[in-house]
Structure formats: structure tokens, C-alpha cells
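Q: Shown below is the structure under consideration.
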Amino acid sequence: MTSPRLILGSHNKLLEIDLTKKAFTTVSISNEERKLYLGGKGLAIYYLYKKMDLSCDPLGEDNIIAIFGGVMVGTGAPNSSRFAAVTKSPLTGLIVSSSCGGSFAFFLKSVGYDGVIIKGQAKEPTYLSITENGVSFNSASKIWGKDIFETQELLEAKNKGNLVIGPAGENRVLYANVASGHRFFGRGGIGAVFGAKNLKAIVVEKGSFRIKPKKEKKYMKIKRKAIKYINRNEYTSDLYRNYGTNAGFRICNEKKILPVRNFTKGMSEKASELYGERLKSEFYKKYSSCRNCAILCGHKGMFNGKLIQAPEYETTSLFGSNLEIYDAEKIAEWNEICSRLGLDTISISVTLAYAIEANEKNLFSFPLKFGSPEGVSEILYDIAYRKGIGEELALGTKRLAEKYGGKGFAMNIKGLEFSGYDPRGCWGQGLSYSVANRGACHLSASLFTLEAFFNFLKGESKRAKAQFVYYMENLFSAINSLQLCIFTSYAFMLEAPIAKYPPKIFLKIFISYFPRITQKVLDISIYSKLFETVTGIKQSSRDFLKAGERIHILERYMNTLIGVSRIDDTLPERFLNEGRESDKKKKVVPLEEMQEKYYKIRGYSRNGVPTAKVMKKLGIEEGFQPKPKRIKERIVSLVFTILGRAMKTLSTIDSNIKQEIRSWPTNFKILFNVDNYETSLGLLKNKKGVLNPQKIPEKQADLVITFRTIDAAFELMTAQKGIHHAYASNAIKVKGDTQIAMSLIRCLNITETYLFPRIIAKRIMRKIPTINLMKRYIVRIYLYLFSIPFNI
Amino acid sequence: MKEYFEFQNKTKILAGKKALENLPSEFDNFRVKRPIILTDRGVNKAGLVDKVIKACGGADVIFPAIIDDIPQDSSTEEVNKIAEIYNEKKCDGIIAIGGGSVIDTAKGVNILVSEKGKDLKEFAGAERLKRPLRPLFVIPTTAGTGSEVTAVAVIKDDKSATKMLFTSRYLMPDVAVIDPRMTITLPAYITALTAMDALTHAIEAYTCLQKNLFSDVYAWKAIELISKNIVELVKNGKDKERRLEMAIAATMAGVAFSNSMVGLVHSLGHAAGAVAKIPHGVAMNIFLPHVLKFNYEEIKEELKELLLPLAGEEIYVKTEEKERARKFIEKIEELQERLNELIKLPKTLKEAGVKEEQLEEIAEKAINDGSLTLNPKDVTKEEALRILMKAYE
């Protein structure tokens, strides 16, 4: 090896590998791109946006895997070895990004690259070796079929950077993962994308490149501060360091957000068997963390007489309490099997829970039972090798529920299975799950930490949730692009003087009642300063958060181009409708309201698509976008209000309307809305038979009358056109019972007869309902003087 | 009675007042989020693109690019250039706002970006496309070509300077928007010549060999609407009602001829266009009566019927049955006369600037034109030349 080659700041070089052509080339990143997208997840997403056909088949040749490290890799900063993989997920069909703490990126940087881009598809099983001299494409025939640890051994990967898939990835299990050492790209089936490309592994030899931060002195100062904060924060220096992520087990059980029996109960009396405190005292033997870790949450333990990696919280909760199995040694054994086979422990265990419940409900024949460990190990192998029933379980909960039913308890969003926090006890986490880019992911904003761990926000409350989901998503996207471990945020944010020294109650009040101000004063400058001192590119905390926002929005935008919209931003029925045994009040997640607020803060349209305005503001791209017709919308909105109030009054005094309404079921919900616009009129028939105007979410309405354009709504609402004209010109769509719709039209005609002079009524109605002249005038005066202005 | 025939029109037609305002819901239907807009300078300057964008207010779409420099003749160079922009800007659909050349360019771009091809020539000819293309929304600003519903595109190959013909059912646009606001500013001359183009489409569709009962209905109504509105519109272009009817008629004629094809008028027109550069509509106007006379024996039954939509009930009834076909041709000649008076629309090749020595070459080209296949009567070069001589002065 020659003398070390120095990289001053960031190297800005990527290695692009084409498996089809067996070729590789170097791609450069500009400083501008570096500043806007940082690195790691951000740059990888940006790269895919530019280069990938978003409509590609995730398991086809056109899918691209971008594996990028950040500028921190190789600097020796705490928790700096992390790197990200971004690709199109076979499980969700959307963009998936995943973060891993193995040593791959460190070695990659030592040969002079910030990231690799994998394109095309190899004809034969292949593994890649990367050195300073380039890439060699090697036959993987001897390691194909071997499990992850065997493969690492055969490739002598211990002191090399490596990425390896197991049999699950080879067999394209939709939630197969990729290992780097004993750390993983866990979620979204990146292993299956490797498998589909016939790519078994990538190994990187140690090279001679070395990183020197541009402003080294300042960098050293920040680094020391970072370590100091980590070593004094309660979570990073005590709870996580001692008990691992399982420190959360006790907290989640106490806060009733533990997944128990496929998320039907929020707590369990047996939960203490799996508390981190118990695991530490009985099993943990030594730390086994990510490279460069200063927190040390990973542990190895002695389970069944073997020293193996201890399971993380998600694994213990979802294989444990969620299947009602409270046997730590069994769970550790399954965790080890999953690691060898290359299965995501979250998706697999949630899929098992679905299958068990579906069997109980006679939807699906499945031999496993809640509370019984019998058969679990065997089924893991069946899934990885896609044998027997494993063939179908390899597809995940969403596809199973589409085929067999039970969507309400198939615990996934957008196809990605839930992680271990029941949102009925932490509503902000519920919001976060519903809008997270990759699906039911707990790491998009981790609101549960603010709600249950730190007690800054009340779990069962809507207050400040939208604002903090927005903030944390931006922050985490930025951290995942810098890239450091997101757990560092506990220390860096909370140990900064502004958060550490004021009494906790102050912080709590500020976070809850003045969220936007709090977000402005919270100190996250360690991150931006690390970036700035390493790269020499100027960056303020605000720039850093804005980069996070940019990355998050671009990822969302890519997903909307693939097809995601508001209807996909939801929670399984279980969380929206079913109360839990552990709750006296049987609370469910009031998603709609939080979501509406969140959309506004994010700059999404009513359908959940980032607007051109927000894209431009963030510097993603410029494009022409037609301006919404706000004046027409306001007028329509006003008439909706008038109509609602008039109908409420008339439903108590007009005998014809009363008669019509009598035939509708109680609690019948009617919604008038306009495609692409926010304005709507909801009417609820209450127990007394009165029509009450109120907000009704579209999902809950029994009868929806949608105007296809705001112009059509405007014409109808300003009495330029009648409802039958509108219907004839395809301007309205009716969803629901047509008989009630007809009855409703009669009610509308009667209402309009009261509201409008005869000359207008004549124009818009084929036949004007007969109402006594006196009555018409008296009621009209009453409506305009009292009902409409004062809602009485 | 024909033993077997086929008829297809997959294009969804949004027509009438405020038709443009319904585009956003079609974007939703086709899941289009980033359509590219293709148009020409004239259309853009007339403010028509702004009208379309404004009408889409509130839609979840971003228009990443507006290309407004499409020339009169669609060409491969232009198509390649736009396809590159389309890919670079990650567009996912095409909106064509304009006349025949814009629409044909859009179809060419759609072939390249959907088939991920590099060279348009690979796809030239009949039925070379194998799968559905990207969503194509067409907003015609002339009422003539009918290209908004046809399965055809004509694009010039810059290298060989020849016109390439593309036919495939996949070329049919997905949505056509017929909105009177889009044709209201069309000058009288263009109004007349595009209308004559549409009228020729309808008459040839009704009289040529591939005619069928479905295309007949479209052709019939198109003839009626064109005849009713053409002269009035040339006199007063601001009449929205008539503009809409004319635009609908042109689209109907498009549906008709897209299914039953055209004949000799078009063969001569294509040839005259290629040799003497005379505009397509002008050529249609000149050749139509001459070809009807040439084909007379084979098509007189059809012409008899068509007198009703062309001339109206009164004339139809007053004209003796055996005289109706002649009357039809007479009426066409009257119309030609009228347009010549009003706006000097040429009725002879000479007036259109064709030189006598070019006739030979036009005749040669015409008898090799594909559209001759379905003309009810076969044509020799001598016969073609004879028609051209008659049309000359």
C-alpha cells in the first residue's frame, strides 16, 4: 500500500456499477448538490430522482440501488459510520431508504468513494470486489445459497467492508434485508432487490484514503462536545447503553403503547420478562454496536449457552408481546435465524401475527398460535426458502390481506409492516406512521420518544403533534443524510443548554403550546457545525433543517409520482375504530384533524402532493403550476355554510323536508365536496332527525356528492345552473345510496325555493316545489335574519 | 352490405363550454402529474396556453416544461429534441395545444418516450408499436385535421427530407378537449381551409371502400355541421356556438376517417403538398369536386344520400332522386365559389401558385400515395394527370 492519500473535506466521488454490462465509472457530486442534499439518504434520493425511471419494476433490471455514506464517514466522529441505501421497494412499490451502522461505508471511503450506485442485473449470481483500482465482477456460484454469516466467513469479510444477502434475499422474499457485518439495512426488502439483480455480496478492501476535516481545529472542538453530550444524556449514556433499545420495553408497557396480541392490547402483565433491565442482568455479556458508536446500544448476550447478538426492542416486542411469547431465549434464537437468513424481523413477525389472527377468524389456514413458540423457527426457514405456506407469507401482510381479507388487522401502511408502538397511546406517532414516506415506520419522526419517553407531549392529545411530526421528520432526514445515528439527537438536542437548564415543565409547556417558537430555539447546531467543519461548506442550523425538509419533500414527491396520495396516508382500521382492553375510555387515533394540519404545514395539496410552490421554495425544482381558484372556492364555501345552516333550520320546521329525512338512517352522513379543493359541506342526521352541518371526513361519509370542478360547484352554488344540469354535464359524481341522493336533491330544491326568489328558482329547477306564499316569505325572512347569520 | 369491418375510437372527448376546466379530473384518471406542454408560437402568443393552465387551477400537476417553438412541419429533429427534454424533466404525459403539426409532433414524441427509442424511423409504417403509449391530451386550436382522434401521424425525416407515416391504434390520443375558446381567434382564411379539410375527411370517409355504418354516422353529422356553419363562421368568427359546432364536426370527421380512411383527394393533396408546398386544406378545397366527378359512377349512391346533410331537407326533397348526386357536387362547387369570393380561397392550382410543369411530378407521386388503396376507383398516372389539368385552371 502506498502512503495515505488525503481527502480534505468531502471527496464527492461516487462509483457507478452496471451489472448488466459489467462496467463501472466514477461520478462526481458538486458542492452545490452537497449543500442541498448533504449526503447519505439525501443525495441518494436526489440521485434516484434524476436517474431512475420511477415506474420501474422494483425487482426488474431498471431499479437502481444507491448506497451512499455521508461526509462524516471516516472522520472518527461519534456514530459516524452510518450509511444509507435507497431504492424502489418491492414490498411497498415506493421509495425505501434504510440506514445501517456496519463498516461498509468506512471501507468504501478508504478506497476513495462516498457511495456506490448499482444498476442493471447480472446474468449469473455475482459478487463484487471493490478496491482502489476499481471493481471486479466475480462468480458467486460457491456462496449462493449460503446464509449471511457463512457468506461473510467464506468471503473473509471480517476485516473488509461488506454487504451480503442471505437466502431470503436470493429468493426475493419481499422483506429480505442486507447485512453489513452484524448490522442491517432492515426494512423494505432491499435484500430482494439485491437478489433480483443476482447480486450476492459486495466486498471492499481497505484502501489508502484518509479524511481530514477542512476546519480541523473547530471540528475537534465540536466532536468533543458531541461526545460529552452523549456521555451525560440519560438515554444515550445510561438507558440505551445499559439495556439497549429494550430500555423502551418497560416504558412502552407502562405507557400502554406496547404491541400485544397483534396490537389488541397496549400492555401486558408478563411484559417484565422482556424488559431491558432483565435482559441485561440475565443475558447481556458485552457491547456489540455499530462502528464508531459512542452510545453502545447494541449488545451480545449468552442465550441458550451461545454468545449471540441480542434482539433489539422491535424484535423483542413484535416476536414477543405481540405474539404473546415472553421467552427471551426463544426470541434471541429467532433473531439469530432471521439474521442468518436475511429476514427483516419487524415485517416477518407482524406478518406472523396477521396470519395467526386470520386463522382464528377462519380467513386463512395457519398452524401457529398466539402464546406458543411452536413452529416459529420452522416457518422462518419456510419463508426464506419460500416453501409451502412460506411462499405466501414471503409477500407480507398487505398482499395477504388483499387475498384473504382482514385488512383491518393487517398491520401495515402502504405495505410496510408496523413497528412496536401502538399509536392509540401516542397519537403523534400515529400521525407520523400514517404520513411517513416509507410506510409504517417508527424512525421517520419517532414522535413516541417525545410522547412516551421524554413526556414532553401528552400521548392522547392532538396538540402540537402535526408541528412536531414535521420538525422531527426534517431533523431525522437531515441526520440520516449527514449521516449520524438518529439516537444522537436525544443527546445533542436535550443536553444543549437551552433544553437542559430550564425546568422541565417549562420545556413541556413551550413544546406543547408554542411548538413553532420552540423549534426555532432548540439547539441542534452540533449537526450543522459538524457538516460545516468537515466540508468547509457554510451551513447554519436552519440550512441543515431545510436540507432535511428538502429531502423529505423530494422523497414524498417521488412517491406521489409513483401513485401515493391522501388515501394511502392512513392507519389500519384497528387503530381508527377499535378501542383496547387496556383502556377504560377505549380511545382511538383521531387522525384526520392532525393530518389536515400536517398537510398545511408541509405544503401539500388536499390530495397530499407537494405543491410547486413548496418545491420551488426548497430549491428542488421550478415548474409551472396552475393557481387554485381561491375566489370561487371562498364563494362556494360561503354558500355551503348558508346551505348547511338553512337546511338545519328547515329540517326542524318544513314538513316536506322532515318527511324526506325520516326515511334516512340515523347518523347518516352526507358530504358535498369539490375535487382538488378543501371546501366541503358535511351534514349529519342526528337522533332527533335534524340535519346538522359539521365537518365530515370523506372516508366516513355515507353519501358523497363531489363536484368535478370548482367552476361547476360555483355555477351551481351561485344558482346559475340547476343540479340536474350539473348532473347531465358530468359535473357531479355521486358515491353512495342513489335513493337517498334523490331524496336529498328534493330537499335541496325545497331549500332553494325558500332561499331564492322565484325567478331564480325557475331557472335552476325543472319543477318548483309548491309552498304556500306566506310561509315562503316568513321562512325566508327567518332564514336570512336568524338562521344563516347566527346559526340558530 | 360489408361482411366485416372494425371501428375504434378510444379517445375520450370533453366538449363544450368550459371543457378545459375538466382537464384536472382527466389528469387524475390517467395518474398524470408532470405533463409537458407542446404548442407553437402563434398559439402561445394568442394566450391559449395561459387559458389552459388557468383552467386547470387547483390540479395536482406541475408542468415542468412548455415547448412553444414547434414549426409548421413536424420533423424528426424536433421530436428528438422534445423527447430529450421530456425525459430530462421526468414528464409523465403530453398535452398538445395546437393544430395538426403540434399534434403530430406530440404523437412522435410519445412514440419515442414510451418505447424508449432513439430513432423515430424504427417505428415508421403501419402497426409498429407494441404497447400503449404515455397519456396524451390533445387540445386542438384549429377545426380541421381531426388528429386529436386519429391513429395516424405524419412526421418529416430531416435526413432524407421525406414524410414518414405512422399508423397504430396506440397513437390515438387519450383525451381530446373541444372548447370553443380555443378556436375563437382563428382567422377567417384558416377557418375556411381547415373546415374544407374536415369536410373532405367526412366525404371521403363516407365514399371510400372502408366505409362502415359507424363511420357513416360520424361523417354524416360532420358534413351537416360543417355545411351549416362554414360560411357564417368565415363572415363572423366570434360566434361561440358555431365555433363549437365546427370544432365538434372536425373531430367527428376525424373519427370517421380514422376508421374508414381517405381516398384520391388526399392522394393528390399529399402529392401537391410535397411537390408544390401548397397547404393541405387548400389542396383539399381544390381537388374535392374534381375527384367526386372522377369517382362519380362508383359513389353516386352515397352522394345522393349526402345531399341531405350537405344541403338540408328542403333542397334534398325538391331535388329529383336521380339528380341528387349531381346536385351534391354542384353544392360543393357553390361553396368553393363562395369561399373564393369571401376570402380568396384558391379554387384552382394556378391560383394556389402551382406551376404547370409540376403537374407531372404531382401525378407520379399521387399514384404512389398509400391513401389511393381505398379509393373506390383505381387511378392511372394519365388519369391523375387529367384531373390535375382540370384542376389547374
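The chains in the C-alpha cells are called A, B, ... from first to last as shown; in each chain the residues are counted from 1, and the ligands are counted from 1 in the order shown.
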Report as a tab-separated table: every residue of chain A with an atom at most 7 Å from chain B, its closest pair of atoms, and their distance in Å to one decimal, counting only C-alpha atoms, with rows sorted by chain and ascending residue number.
A:
residue	atom	partner	partner_atom	distance
A:Leu561	CA	B:Lys33	CA	6.5
A:Ser605	CA	B:Asp60	CA	7.0
A:Val609	CA	B:Asp60	CA	6.6
A:Ala612	CA	B:Ile62	CA	6.4
A:Gly623	CA	B:Pro64	CA	4.6
A:Phe624	CA	B:Phe63	CA	4.9
A:Gln625	CA	B:Ile62	CA	4.8
A:Pro626	CA	B:Gly57	CA	4.5
A:Lys627	CA	B:Gly57	CA	4.8
A:Pro628	CA	B:Gly58	CA	3.9
A:Lys629	CA	B:Gly57	CA	5.8
A:Asn676	CA	B:Gly58	CA	5.8
A:Tyr677	CA	B:Gly58	CA	6.7
A:Arg708	CA	B:Ser25	CA	6.7
A:Thr709	CA	B:Asn22	CA	6.5
Q: Would you put the residues from that selection into a file with N, CA and C atoms, as a short mmCIF file (atom, residue, chain, number, x, y, z; two decimals), in the first residue's frame?
A:
data_model
loop_
_atom_site.label_atom_id
_atom_site.label_comp_id
_atom_site.auth_asym_id
_atom_site.auth_seq_id
_atom_site.Cartn_x
_atom_site.Cartn_y
_atom_site.Cartn_z
N LEU A 561 -45.46 10.63 -7.36
CA LEU A 561 -45.35 10.34 -8.79
C LEU A 561 -45.59 8.85 -9.04
N SER A 605 -50.87 19.55 -1.19
CA SER A 605 -52.21 19.85 -1.67
C SER A 605 -53.22 19.00 -0.90
N VAL A 609 -50.10 15.99 -2.23
CA VAL A 609 -48.97 16.14 -3.15
C VAL A 609 -48.24 17.46 -2.86
N ALA A 612 -46.02 22.94 -6.24
CA ALA A 612 -44.86 23.53 -6.94
C ALA A 612 -44.25 24.64 -6.11
N GLY A 623 -41.34 24.73 -11.72
CA GLY A 623 -42.28 24.25 -12.73
C GLY A 623 -43.51 25.12 -12.69
N PHE A 624 -44.28 25.08 -13.76
CA PHE A 624 -45.50 25.87 -13.78
C PHE A 624 -46.59 25.08 -13.09
N GLN A 625 -47.33 25.75 -12.25
CA GLN A 625 -48.47 25.07 -11.65
C GLN A 625 -49.65 26.01 -11.68
N PRO A 626 -50.78 25.52 -12.17
CA PRO A 626 -51.95 26.39 -12.21
C PRO A 626 -52.34 26.82 -10.80
N LYS A 627 -52.70 28.08 -10.67
CA LYS A 627 -53.07 28.59 -9.34
C LYS A 627 -54.48 28.16 -8.99
N PRO A 628 -54.69 27.74 -7.74
CA PRO A 628 -56.04 27.40 -7.33
C PRO A 628 -56.97 28.61 -7.46
N LYS A 629 -58.24 28.35 -7.74
CA LYS A 629 -59.19 29.44 -7.91
C LYS A 629 -59.81 29.77 -6.56
N ASN A 676 -60.03 18.26 -5.72
CA ASN A 676 -58.83 19.10 -5.64
C ASN A 676 -58.96 20.32 -4.74
N TYR A 677 -60.11 20.54 -4.11
CA TYR A 677 -60.25 21.69 -3.23
C TYR A 677 -60.65 21.23 -1.83
N ARG A 708 -66.86 17.86 -9.85
CA ARG A 708 -65.61 17.55 -10.54
C ARG A 708 -64.73 18.77 -10.67
N THR A 709 -65.32 19.95 -10.75
CA THR A 709 -64.50 21.16 -10.84
C THR A 709 -65.07 22.22 -9.92
#
Q: Would you list the contacts of Asp68 of chain B as a VMD selection string, taking every protein, DNA or RNA residue within 10 Å and counting only C-alpha atoms, but skipping same-chain residues closer than 5 positions in sequence?
A: chain B and resid 37 to 45 49 97 to 98 102
Q: Keeping only N, CA and C atoms, write those residues as a compact mmCIF listing (two decimals), in the first residue's frame.
A:
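Below is the file that was written, out-v3.txt:
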# COMPACT_ATOMS: atom_id res chain seq x y z
N ILE B 37 -46.05 20.47 -21.97
CA ILE B 37 -46.97 21.14 -22.87
C ILE B 37 -46.27 21.43 -24.19
N LEU B 38 -46.87 20.99 -25.28
CA LEU B 38 -46.31 21.25 -26.61
C LEU B 38 -47.26 22.17 -27.36
N THR B 39 -46.70 23.19 -28.00
CA THR B 39 -47.55 24.13 -28.72
C THR B 39 -46.69 24.89 -29.73
N ASP B 40 -47.28 25.86 -30.42
CA ASP B 40 -46.43 26.69 -31.29
C ASP B 40 -46.53 28.15 -30.87
N ARG B 41 -45.65 28.95 -31.44
CA ARG B 41 -45.54 30.35 -31.02
C ARG B 41 -46.87 31.08 -31.12
N GLY B 42 -47.53 30.89 -32.30
CA GLY B 42 -48.79 31.60 -32.55
C GLY B 42 -49.82 31.31 -31.47
N VAL B 43 -49.95 30.04 -31.17
CA VAL B 43 -50.94 29.63 -30.16
C VAL B 43 -50.58 30.23 -28.80
N ASN B 44 -49.29 30.18 -28.48
CA ASN B 44 -48.86 30.70 -27.18
C ASN B 44 -49.09 32.21 -27.12
N LYS B 45 -48.72 32.90 -28.22
CA LYS B 45 -48.89 34.35 -28.25
C LYS B 45 -50.36 34.74 -28.14
N VAL B 49 -52.34 29.05 -24.32
CA VAL B 49 -51.69 28.19 -23.32
C VAL B 49 -52.04 28.68 -21.91
N ILE B 97 -51.28 21.45 -27.55
CA ILE B 97 -52.22 22.53 -27.79
C ILE B 97 -51.87 23.12 -29.14
N GLY B 98 -52.68 22.87 -30.16
CA GLY B 98 -52.36 23.41 -31.47
C GLY B 98 -53.08 22.70 -32.59
N VAL B 102 -48.53 20.37 -34.42
CA VAL B 102 -48.24 20.21 -32.99
C VAL B 102 -48.71 18.82 -32.52
Q: May I ask which of the residues B:Phe5, B:Ala352, B:Ile13, B:Leu136 is the closest one to Lys277 of chain B, counting only C-alpha atoms?
A: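 Between B:Phe5, B:Ala352, B:Ile13, B:Leu136, the residue approaching Lys277 of chain B most closely is B:Ala352.
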Q: When you draw a straight line from atom CA of Tyr784 of chain A to atom CA of Ser663 of chain A, how long is it in Å?
A: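 Result for atom CA of Tyr784 of chain A versus atom CA of Ser663 of chain A: 27.9 Å, one decimal.
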Q: Residues near Lys648 of chain A, anyone? I mean within 9 Å using only C-alpha atoms, not counting same-chain ones fewer than 5 positions away, as a list in words.
A: Leu643, Leu683, Val690, Leu691, Asn692, Pro693, Ser787, Asn791 and Ile792 of chain A
